[in-house]
Amino acid sequence: MLWYLLKTWAGKEEELVKTIHRAVPQEMYEECFVIYQERIWRKQQKSIVHREPLFSGCVFLTCKGQRFSRLFFEYLERIPDMAIGKACGAWTAFPMMGEDAEFLAEISGREHVVSLSYVQRDEAGKVCKISDPLHSCKEQIVRYQFKKRYAMVRHRLWGEEQAIVLGIMLEEDAELKH
């Protein structure tokens, strides 16, 4: 399975996905999607779960093989709106490395949503338990921001070190999930 990263303007991710779903026959690609993450907002001492794109301006596309991906992009070039969009920089496509695709598939699952990770602290305030998806990259955690309910992970993605912010929940948030 080949993965491609389609870069578009921030906030236009779903628009690009809908355009591809509407304009391109499904047999030319496997999936076209945005990877979302769950985050918690703390508002007036209440926890509110919401979803937001994990990578702003990024749409992901999967194809069965090189032949299908070539046909897909040739087909896109023939759609006037897509050709104009590409010419004016509304979107660009990049092939992804296998290890990048594996990492993203692992943390986001079949639904392409990075769910909240449960983080438990001991009496001293040190982290003693982490659930998936954060557990799968626990060696790469560089910091926790408990008040803002996130952990920052450093991971090599797209050929360079990336700081990825993943949502966490604590004991006081347990009524939200699990």
# chains A, B, ... in the order shown; residues from 1 in each chain; ligands from 1
call {"tool": "select_by_dssp", "arguments": {"residues": "chain A", "states": "helix (DSSP H, G or I)", "output": "PDB file with C-alpha atoms, in the first residue's frame"}}
result
ATOM      1  CA  GLU A  13      -8.398  19.666   4.320  1.00  0.00           C
ATOM      2  CA  GLU A  14     -11.986  18.370   4.317  1.00  0.00           C
ATOM      3  CA  GLU A  15     -12.787  20.387   1.212  1.00  0.00           C
ATOM      4  CA  LEU A  16      -9.973  18.623  -0.684  1.00  0.00           C
ATOM      5  CA  VAL A  17     -11.118  15.201   0.583  1.00  0.00           C
ATOM      6  CA  LYS A  18     -14.711  15.887  -0.525  1.00  0.00           C
ATOM      7  CA  THR A  19     -13.542  17.070  -3.941  1.00  0.00           C
ATOM      8  CA  ILE A  20     -11.511  13.900  -4.465  1.00  0.00           C
ATOM      9  CA  HIS A  21     -14.361  11.663  -3.266  1.00  0.00           C
ATOM     10  CA  ARG A  22     -16.772  13.442  -5.598  1.00  0.00           C
ATOM     11  CA  ALA A  23     -14.550  13.718  -8.688  1.00  0.00           C
ATOM     12  CA  GLN A  26     -13.186   5.016  -5.992  1.00  0.00           C
ATOM     13  CA  GLU A  27     -11.390   2.207  -7.828  1.00  0.00           C
ATOM     14  CA  MET A  28      -8.444   4.560  -8.503  1.00  0.00           C
ATOM     15  CA  GLN A  66       2.438   2.430  -8.389  1.00  0.00           C
ATOM     16  CA  ARG A  67       0.161   1.907 -11.398  1.00  0.00           C
ATOM     17  CA  PHE A  68      -2.929   2.998  -9.462  1.00  0.00           C
ATOM     18  CA  SER A  69      -1.230   6.057  -8.006  1.00  0.00           C
ATOM     19  CA  ARG A  70      -0.027   7.146 -11.464  1.00  0.00           C
ATOM     20  CA  LEU A  71      -3.562   6.738 -12.861  1.00  0.00           C
ATOM     21  CA  PHE A  72      -4.991   8.652  -9.901  1.00  0.00           C
ATOM     22  CA  PHE A  73      -2.741  11.675 -10.369  1.00  0.00           C
ATOM     23  CA  GLU A  74      -3.200  11.665 -14.152  1.00  0.00           C
ATOM     24  CA  TYR A  75      -6.959  11.655 -13.576  1.00  0.00           C
ATOM     25  CA  LEU A  76      -6.670  14.568 -11.116  1.00  0.00           C
ATOM     26  CA  GLU A  77      -4.776  16.613 -13.694  1.00  0.00           C
ATOM     27  CA  ARG A  78      -7.742  16.285 -16.082  1.00  0.00           C
ATOM     28  CA  PRO A  80     -10.192  21.550 -14.240  1.00  0.00           C
ATOM     29  CA  ASP A  81     -10.669  22.625 -10.603  1.00  0.00           C
ATOM     30  CA  MET A  82      -7.919  20.286  -9.412  1.00  0.00           C
ATOM     31  CA  ALA A  83      -5.503  21.322 -12.181  1.00  0.00           C
ATOM     32  CA  ILE A  84      -6.103  25.011 -11.417  1.00  0.00           C
ATOM     33  CA  GLY A  85      -5.714  24.317  -7.690  1.00  0.00           C
ATOM     34  CA  LYS A  86      -2.398  22.598  -8.235  1.00  0.00           C
ATOM     35  CA  ALA A  87      -1.151  25.385 -10.520  1.00  0.00           C
ATOM     36  CA  GLY A  98       6.883   3.288   4.470  1.00  0.00           C
ATOM     37  CA  GLU A  99       7.971   3.933   8.058  1.00  0.00           C
ATOM     38  CA  ASP A 100       6.043   7.231   8.116  1.00  0.00           C
ATOM     39  CA  ALA A 101       2.897   5.466   6.918  1.00  0.00           C
ATOM     40  CA  GLU A 102       3.361   2.679   9.493  1.00  0.00           C
ATOM     41  CA  PHE A 103       3.735   5.173  12.340  1.00  0.00           C
ATOM     42  CA  LEU A 104       0.645   7.160  11.313  1.00  0.00           C
ATOM     43  CA  ALA A 105      -1.411   4.002  10.805  1.00  0.00           C
ATOM     44  CA  GLU A 106      -0.328   2.710  14.218  1.00  0.00           C
ATOM     45  CA  ILE A 107      -1.253   5.817  16.184  1.00  0.00           C
ATOM     46  CA  SER A 108      -4.459   6.660  14.285  1.00  0.00           C
ATOM     47  CA  LEU A 134       0.914   7.480  23.362  1.00  0.00           C
ATOM     48  CA  HIS A 135       2.337   4.293  24.896  1.00  0.00           C
ATOM     49  CA  SER A 136       3.561   3.148  21.472  1.00  0.00           C
ATOM     50  CA  CYS A 137       5.838   6.207  21.266  1.00  0.00           C
ATOM     51  CA  LYS A 138       6.617   6.696  24.974  1.00  0.00           C
ATOM     52  CA  GLU A 139      10.384   6.699  24.321  1.00  0.00           C
ATOM     53  CA  GLN A 140       9.920   9.829  22.190  1.00  0.00           C
ATOM     54  CA  GLU A 171      -7.872  10.721  36.304  1.00  0.00           C
ATOM     55  CA  GLU A 172     -10.145  13.749  36.714  1.00  0.00           C
ATOM     56  CA  ASP A 173     -11.151  13.381  33.040  1.00  0.00           C
ATOM     57  CA  ALA A 174     -12.065   9.691  33.398  1.00  0.00           C
ATOM     58  CA  GLU A 175     -15.814  10.315  33.123  1.00  0.00           C
ATOM     59  CA  LEU A 176     -15.270  11.436  29.514  1.00  0.00           C
TER      60      LEU A 176
END
call {"tool": "residues_around", "arguments": {"residues": "Ser56 of chain A", "least_positions_apart": "5", "cutoff": "12 Å", "atoms": "only C-alpha atoms", "output": "MDAnalysis selection string"}}
result
chainID A and resid 5:14 34:37 164:165
call {"tool": "write_last_selection", "arguments": {"atoms": "N, CA and C atoms", "output": "PDB file, in the first residue's frame"}}
result
ATOM      1  N   LEU A   5       1.087  12.161   0.765  1.00  0.00           N
ATOM      2  CA  LEU A   5       0.705  13.332   1.544  1.00  0.00           C
ATOM      3  C   LEU A   5       0.284  14.407   0.549  1.00  0.00           C
ATOM      4  N   LEU A   6      -0.935  14.879   0.685  1.00  0.00           N
ATOM      5  CA  LEU A   6      -1.413  15.989  -0.130  1.00  0.00           C
ATOM      6  C   LEU A   6      -1.441  17.214   0.766  1.00  0.00           C
ATOM      7  N   LYS A   7      -0.606  18.184   0.456  1.00  0.00           N
ATOM      8  CA  LYS A   7      -0.555  19.420   1.247  1.00  0.00           C
ATOM      9  C   LYS A   7      -1.522  20.422   0.644  1.00  0.00           C
ATOM     10  N   THR A   8      -2.322  21.030   1.506  1.00  0.00           N
ATOM     11  CA  THR A   8      -3.258  22.056   1.088  1.00  0.00           C
ATOM     12  C   THR A   8      -3.215  23.174   2.130  1.00  0.00           C
ATOM     13  N   TRP A   9      -4.052  24.174   1.960  1.00  0.00           N
ATOM     14  CA  TRP A   9      -4.087  25.260   2.931  1.00  0.00           C
ATOM     15  C   TRP A   9      -4.750  24.790   4.213  1.00  0.00           C
ATOM     16  N   ALA A  10      -4.276  25.291   5.330  1.00  0.00           N
ATOM     17  CA  ALA A  10      -4.871  24.951   6.626  1.00  0.00           C
ATOM     18  C   ALA A  10      -6.351  25.317   6.612  1.00  0.00           C
ATOM     19  N   GLY A  11      -7.167  24.405   7.102  1.00  0.00           N
ATOM     20  CA  GLY A  11      -8.609  24.624   7.133  1.00  0.00           C
ATOM     21  C   GLY A  11      -9.325  24.146   5.881  1.00  0.00           C
ATOM     22  N   LYS A  12      -8.581  23.765   4.844  1.00  0.00           N
ATOM     23  CA  LYS A  12      -9.175  23.318   3.580  1.00  0.00           C
ATOM     24  C   LYS A  12      -9.048  21.801   3.387  1.00  0.00           C
ATOM     25  N   GLU A  13      -8.646  21.096   4.434  1.00  0.00           N
ATOM     26  CA  GLU A  13      -8.398  19.666   4.320  1.00  0.00           C
ATOM     27  C   GLU A  13      -9.660  18.893   3.902  1.00  0.00           C
ATOM     28  N   GLU A  14     -10.751  19.105   4.621  1.00  0.00           N
ATOM     29  CA  GLU A  14     -11.986  18.370   4.317  1.00  0.00           C
ATOM     30  C   GLU A  14     -12.540  18.724   2.943  1.00  0.00           C
ATOM     31  N   VAL A  34      -8.312  12.713   6.283  1.00  0.00           N
ATOM     32  CA  VAL A  34      -7.574  13.588   7.182  1.00  0.00           C
ATOM     33  C   VAL A  34      -7.382  12.802   8.473  1.00  0.00           C
ATOM     34  N   ILE A  35      -6.208  12.866   9.065  1.00  0.00           N
ATOM     35  CA  ILE A  35      -5.997  12.235  10.363  1.00  0.00           C
ATOM     36  C   ILE A  35      -6.357  13.268  11.431  1.00  0.00           C
ATOM     37  N   TYR A  36      -7.305  12.888  12.264  1.00  0.00           N
ATOM     38  CA  TYR A  36      -7.740  13.760  13.351  1.00  0.00           C
ATOM     39  C   TYR A  36      -7.163  13.270  14.664  1.00  0.00           C
ATOM     40  N   GLN A  37      -7.184  14.146  15.635  1.00  0.00           N
ATOM     41  CA  GLN A  37      -6.817  13.754  16.985  1.00  0.00           C
ATOM     42  C   GLN A  37      -7.857  14.285  17.946  1.00  0.00           C
ATOM     43  N   ILE A 164       5.154  16.540  17.620  1.00  0.00           N
ATOM     44  CA  ILE A 164       3.760  16.143  17.461  1.00  0.00           C
ATOM     45  C   ILE A 164       3.096  16.254  18.816  1.00  0.00           C
ATOM     46  N   VAL A 165       2.006  16.981  18.875  1.00  0.00           N
ATOM     47  CA  VAL A 165       1.272  17.175  20.122  1.00  0.00           C
ATOM     48  C   VAL A 165       0.104  16.199  20.140  1.00  0.00           C
TER      49      VAL A 165
END
call {"tool": "select_by_dssp", "arguments": {"residues": "chain A", "states": "strand (DSSP E or B)", "output": "PyMOL selection string"}}
result
chain A and resi 2-8+31-33+36-43+46-53+58-63+91-95+113-114+117-121+127-130+141-145+150-157+160-169
call {"tool": "residues_around", "arguments": {"residues": "Leu2 of chain A", "least_positions_apart": "3", "cutoff": "7 Å", "atoms": "only C-alpha atoms", "output": "JSON, numbers by chain"}}
result
{"A": [62, 63, 64, 65]}
